[in-house]
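As stored in final19.csv (CSV, C-alpha atoms):
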```csv
chain,number,residue,atom,x,y,z
A,1223,MET,CA,108.4,112.8,90.3
A,1224,ASN,CA,105.8,111.9,92.9
A,1225,LYS,CA,103.0,112.9,90.6
A,1226,ASN,CA,103.8,109.8,88.6
A,1227,ILE,CA,103.3,107.4,91.5
A,1228,SER,CA,100.2,105.8,90.1
A,1229,ASN,CA,102.0,105.2,86.8
A,1230,TYR,CA,104.9,103.7,88.7
A,1231,ASN,CA,102.6,101.3,90.4
A,1232,LYS,CA,101.0,100.3,87.1
A,1233,GLU,CA,104.4,99.7,85.6
A,1234,LEU,CA,105.6,97.6,88.5
A,1235,ARG,CA,102.5,95.7,89.4
A,1236,GLU,CA,103.5,92.5,87.5
A,1237,LYS,CA,107.3,92.8,88.2
A,1238,ASP,CA,109.1,90.6,90.6
A,1239,PRO,CA,110.8,92.1,93.7
A,1240,SER,CA,114.2,91.9,92.0
A,1241,GLU,CA,113.0,93.9,89.1
A,1242,ILE,CA,111.3,96.4,91.4
A,1243,ILE,CA,114.5,97.0,93.4
A,1244,LYS,CA,116.6,97.3,90.2
A,1245,TRP,CA,114.1,100.0,89.0
A,1246,ALA,CA,114.3,101.8,92.4
A,1247,LEU,CA,118.1,101.7,92.3
A,1248,ARG,CA,118.2,103.2,88.8
A,1249,ILE,CA,116.3,106.3,90.0
A,1250,SER,CA,118.2,106.7,93.3
A,1251,LYS,CA,121.6,108.0,94.2
A,1252,LYS,CA,121.3,107.5,97.9
A,1253,PRO,CA,118.8,104.7,98.7
A,1254,LEU,CA,118.1,103.5,102.2
A,1255,LEU,CA,116.8,100.2,103.3
A,1256,THR,CA,115.1,100.0,106.8
A,1257,THR,CA,114.9,96.9,108.8
A,1258,ASN,CA,113.9,95.7,112.3
A,1259,PHE,CA,114.9,92.0,111.8
A,1260,ARG,CA,111.4,90.8,112.2
A,1261,PRO,CA,110.3,87.6,110.4
A,1262,TYR,CA,111.1,87.5,106.7
A,1263,GLU,CA,113.3,90.6,106.8
A,1264,ALA,CA,116.3,88.5,105.7
A,1265,ALA,CA,114.7,88.2,102.2
A,1266,ILE,CA,114.6,91.9,101.4
A,1267,ILE,CA,118.1,92.4,103.0
A,1268,HIS,CA,119.5,89.6,100.9
A,1269,LEU,CA,117.9,90.9,97.7
A,1270,CYS,CA,118.9,94.5,98.2
A,1271,THR,CA,122.5,93.7,99.1
A,1272,LYS,CA,122.8,91.3,96.2
A,1273,LEU,CA,122.1,94.2,93.9
A,1274,LYS,CA,123.9,96.9,96.0
A,1275,PRO,CA,126.2,95.3,98.5
A,1276,LYS,CA,127.0,98.5,100.5
A,1277,ILE,CA,123.5,99.9,100.6
A,1278,ASN,CA,122.8,101.9,103.8
A,1279,ILE,CA,120.6,99.8,106.1
A,1280,LEU,CA,118.9,101.6,108.9
A,1281,TRP,CA,118.1,99.7,112.1
A,1282,CYS,CA,116.3,101.8,114.8
A,1283,ASP,CA,116.7,99.5,117.8
A,1284,THR,CA,114.1,100.4,120.4
A,1285,GLY,CA,116.1,98.6,123.1
A,1286,TYR,CA,113.2,96.3,123.8
A,1287,ASN,CA,114.0,93.5,121.3
A,1288,THR,CA,114.0,89.9,122.4
A,1289,LYS,CA,117.3,88.1,123.0
A,1290,ALA,CA,116.5,85.9,120.0
A,1291,ILE,CA,116.2,88.9,117.7
A,1292,TYR,CA,119.4,90.5,119.0
A,1293,SER,CA,121.2,87.2,118.4
A,1294,TYR,CA,119.6,86.9,115.0
A,1295,ALA,CA,120.5,90.5,114.0
A,1296,GLU,CA,124.1,89.9,114.9
A,1297,LYS,CA,124.2,86.8,112.8
A,1298,ILE,CA,122.6,88.4,109.8
A,1299,ILE,CA,124.8,91.6,110.1
A,1300,ASN,CA,128.0,89.5,110.2
A,1301,SER,CA,127.2,86.8,107.7
A,1302,MET,CA,126.0,89.3,105.1
A,1303,ASN,CA,128.6,92.0,106.0
A,1304,LEU,CA,125.8,94.6,106.2
A,1305,ASN,CA,126.4,98.4,106.1
A,1306,ILE,CA,124.2,99.0,109.2
A,1307,LYS,CA,123.4,102.4,110.5
A,1308,LEU,CA,122.3,101.8,114.1
A,1309,TYR,CA,120.1,104.4,115.8
A,1310,VAL,CA,118.9,104.1,119.4
A,1311,PRO,CA,116.7,106.2,121.7
A,1312,LEU,CA,118.3,109.1,123.5
A,1313,GLN,CA,117.3,107.5,126.9
A,1314,THR,CA,118.2,104.0,128.1
A,1315,SER,CA,115.4,101.7,129.0
A,1316,ALA,CA,116.5,101.8,132.6
A,1317,HIS,CA,116.3,105.5,132.7
A,1318,ARG,CA,112.9,105.5,131.0
A,1319,GLU,CA,111.5,102.9,133.4
A,1320,VAL,CA,112.2,105.2,136.4
A,1321,TYR,CA,109.5,107.7,135.4
A,1322,MET,CA,107.4,105.7,132.9
A,1323,GLY,CA,107.6,102.1,134.2
A,1324,LYS,CA,107.6,99.1,132.0
A,1325,VAL,CA,106.3,99.3,128.4
A,1326,PRO,CA,103.0,101.2,128.7
A,1327,GLU,CA,99.8,99.5,127.5
A,1328,ILE,CA,98.2,100.8,124.3
A,1329,ASP,CA,95.4,102.6,126.2
A,1330,ASP,CA,97.9,104.2,128.6
A,1331,PRO,CA,98.4,108.0,127.9
A,1332,LYS,CA,102.2,107.4,128.2
A,1333,HIS,CA,102.2,105.0,125.3
A,1334,LYS,CA,102.3,107.9,122.7
A,1335,GLU,CA,105.3,109.4,124.5
A,1336,PHE,CA,106.9,106.0,124.7
A,1337,THR,CA,106.5,105.4,121.0
A,1338,GLU,CA,108.0,108.8,120.2
A,1339,GLN,CA,111.0,108.1,122.4
A,1340,VAL,CA,111.9,104.6,121.3
A,1341,LYS,CA,111.0,104.6,117.6
A,1342,LEU,CA,109.9,107.9,116.0
A,1343,GLU,CA,112.6,110.2,117.4
A,1344,PRO,CA,115.5,107.8,116.5
A,1345,PHE,CA,114.0,107.3,113.0
A,1346,ASN,CA,113.5,111.0,112.3
A,1347,ARG,CA,117.0,111.8,113.6
A,1348,ALA,CA,118.4,109.1,111.3
A,1349,MET,CA,116.5,110.4,108.2
A,1350,GLU,CA,117.7,113.9,108.9
A,1351,GLU,CA,121.3,112.8,109.2
A,1352,ILE,CA,121.4,110.1,106.4
A,1353,ARG,CA,119.2,112.1,104.0
A,1354,PRO,CA,118.2,109.3,101.6
A,1355,ASP,CA,116.5,110.0,98.3
A,1356,LEU,CA,114.7,106.7,98.3
A,1357,TRP,CA,113.3,104.5,101.2
A,1358,ILE,CA,113.1,100.8,100.6
A,1359,THR,CA,111.0,98.8,103.1
A,1360,ASN,CA,109.2,95.5,103.5
A,1361,LEU,CA,105.6,96.5,103.9
A,1362,ARG,CA,103.2,94.0,102.5
A,1363,LYS,CA,99.5,93.8,101.7
A,1364,GLY,CA,97.6,92.0,104.4
A,1365,GLN,CA,99.8,93.1,107.4
A,1366,THR,CA,97.5,95.9,108.6
A,1367,LYS,CA,94.4,97.8,107.4
A,1368,PHE,CA,96.6,100.8,106.5
A,1369,ARG,CA,99.0,98.6,104.5
A,1370,ASN,CA,96.1,97.0,102.6
A,1371,ASN,CA,95.4,100.5,101.1
A,1372,ILE,CA,98.8,101.5,99.8
A,1373,ASP,CA,100.9,100.0,97.0
A,1374,ILE,CA,104.4,99.2,95.9
A,1375,VAL,CA,105.3,102.8,95.5
A,1376,THR,CA,104.2,105.6,97.9
A,1377,SER,CA,105.5,108.9,99.1
A,1378,THR,CA,106.0,110.3,102.6
A,1379,LYS,CA,104.6,113.8,103.4
A,1380,GLU,CA,108.1,115.1,102.9
A,1381,GLY,CA,108.0,113.8,99.3
A,1382,LEU,CA,110.4,110.9,99.8
A,1383,LEU,CA,109.7,108.1,97.5
A,1384,LYS,CA,109.1,104.8,99.3
A,1385,VAL,CA,109.2,101.4,97.7
A,1386,SER,CA,108.0,98.0,99.0
A,1387,PRO,CA,109.3,95.4,96.6
A,1388,PHE,CA,107.5,92.4,98.3
A,1389,TYR,CA,104.2,94.2,98.7
A,1390,TYR,CA,102.1,91.6,96.9
A,1391,TRP,CA,104.0,88.6,98.3
A,1392,SER,CA,102.5,86.2,100.9
A,1393,ASP,CA,104.2,84.6,103.8
A,1394,SER,CA,104.4,81.4,101.7
A,1395,ASP,CA,106.1,83.3,98.8
A,1396,LEU,CA,108.7,84.6,101.2
A,1397,GLU,CA,109.2,81.3,102.9
A,1398,LYS,CA,110.0,79.8,99.5
A,1399,TYR,CA,112.5,82.6,98.8
A,1400,MET,CA,114.1,82.1,102.2
A,1401,LYS,CA,114.4,78.3,101.6
A,1402,ASP,CA,115.7,78.8,98.0
A,1403,HIS,CA,118.5,81.1,99.3
A,1404,GLU,CA,119.1,79.2,102.5
A,1405,LEU,CA,118.2,82.2,104.7
A,1406,GLU,CA,117.4,81.8,108.4
A,1407,ASN,CA,114.3,83.3,109.9
A,1408,GLU,CA,113.4,84.3,113.4
A,1409,PHE,CA,109.8,84.6,114.8
A,1410,ASP,CA,110.5,85.6,118.4
A,1411,TYR,CA,109.8,89.2,117.6
A,1412,PHE,CA,108.1,91.9,119.6
A,1413,ASP,CA,107.5,95.5,118.8
A,1414,PRO,CA,106.7,97.4,122.1
A,1415,THR,CA,105.2,100.3,120.2
A,1416,LYS,CA,102.6,98.2,118.4
A,1417,VAL,CA,102.0,95.3,120.8
A,1418,ASP,CA,99.3,94.1,118.4
A,1419,GLU,CA,100.8,93.3,114.9
A,1420,LYS,CA,97.7,94.7,113.2
A,1421,ARG,CA,98.4,98.2,114.7
A,1422,GLU,CA,100.6,100.9,113.2
A,1423,CYS,CA,103.1,102.8,115.4
A,1424,GLY,CA,103.1,105.9,113.2
A,1425,LEU,CA,106.4,105.2,111.4
A,1426,HIS,CA,104.7,104.2,108.1
A,1427,ASN,CA,101.3,105.9,108.3
A,1428,GLY,CA,102.6,109.3,109.4
A,1429,GLY,CA,102.1,111.0,106.2
A,1430,ASN,CA,102.1,108.6,103.3
A,1431,LYS,CA,100.3,109.6,100.1
```
Could you express the structure from this file as structure tokens?
Amino acid sequence: MNKNISNYNKELREKDPSEIIKWALRISKKPLLTTNFRPYEAAIIHLCTKLKPKINILWCDTGYNTKAIYSYAEKIINSMNLNIKLYVPLQTSAHREVYMGKVPEIDDPKHKEFTEQVKLEPFNRAMEEIRPDLWITNLRKGQTKFRNNIDIVTSTKEGLLKVSPFYYWSDSDLEKYMKDHELENEFDYFDPTKVDEKRECGLHNGGNK
């Protein structure tokens, strides 16, 4: 199937996100939507659950989110009645700080281990246990250098098909969607594994084709 990715992207290039998700759901028996409740995430959650109300939604909580994001996540989960699959690190933040200190800086040798513990290990564990046949995410062109060079449909190194329905949408496009559907947004977001929003943590660029 993945040999046809370039054809998929040509087919979907002019489609709107709703049509892209409908296409994805037609070829999937066990789709998975991932979210971190960052700004504009409510749009993709709203669209996916409108088409498949009980879709599995994976939230890998690093344990370092802001109070605003935790409050926002609870509000979205409850108001949309989401089928959340919550995965957290094997260590608590208090335990980790004993031997690693606070969040390591990007140039700190411990930052790689920190990223593995709080994001990559929980994510890989989730994927192994949930075993989806399709991964829906909210990657968009313009977010990072890596994301500028992918497309709507990609594949992980394991061969899992990955779909980004809003890939060609701008912030203003998403703001209009949020307003039209009366969705709340939250901008007080911080990813401790990236620090700089233009960096990748390895979750999405760890083997995409």
Show which residues sit within 12 Å of Ile1279 in chain A, as number ranges by chain. Count only C-alpha atoms, and ignore same-chain residues fewer than 3 positions away. A: 1252-1259, 1263, 1266-1268, 1270-1271, 1274-1276, 1282, 1299, 1302-1309, 1348-1349, 1352, 1354, 1356-1359
Would you mind listing what lies within 12 Å of Lys1332 in chain A as a ChimeraX atom specification, with all atoms listed in the file counted and same-chain residues fewer than 3 positions away left out? /A:1318-1319,1321-1329,1335-1339,1415
Written selection (C-alpha atoms) as a compact mmCIF listing (two decimals), in the coordinates of the input:
```
# COMPACT_ATOMS: atom_id res chain seq x y z
CA ARG A 1318 112.90 105.50 131.00
CA GLU A 1319 111.50 102.90 133.40
CA TYR A 1321 109.50 107.70 135.40
CA MET A 1322 107.40 105.70 132.90
CA GLY A 1323 107.60 102.10 134.20
CA LYS A 1324 107.60 99.10 132.00
CA VAL A 1325 106.30 99.30 128.40
CA PRO A 1326 103.00 101.20 128.70
CA GLU A 1327 99.80 99.50 127.50
CA ILE A 1328 98.20 100.80 124.30
CA ASP A 1329 95.40 102.60 126.20
CA GLU A 1335 105.30 109.40 124.50
CA PHE A 1336 106.90 106.00 124.70
CA THR A 1337 106.50 105.40 121.00
CA GLU A 1338 108.00 108.80 120.20
CA GLN A 1339 111.00 108.10 122.40
CA THR A 1415 105.20 100.30 120.20
```
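Across the model, the gap from CA of Ile1374 in chain A to CA of Ser1228 in chain A is 9.7 Å.
You will find CA of Glu1350 in chain A at 17.2 Å from CA of Ser1250 in chain A.
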Could you tell me how far CA of Thr1378 in chain A sits from CA of Leu1312 in chain A, in Å to one decimal place?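 So the two atoms, CA of Leu1312 in chain A and CA of Thr1378 in chain A, lie 24.3 Å apart.
You can rank A:Arg1353, A:Lys1251, A:Arg1260, A:Lys1272 by their closest distance to Glu1380 in chain A using all atoms listed in the file, and at the top of that list sits A:Arg1353.
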Please list, as an MDAnalysis selection string, the residues that have an atom at most 12 Å away from (118.4, 90.9, 119.0) in the coordinates of this file, counting only C-alpha atoms. chainID A and resid 1258:1260 1281:1299 1408:1413
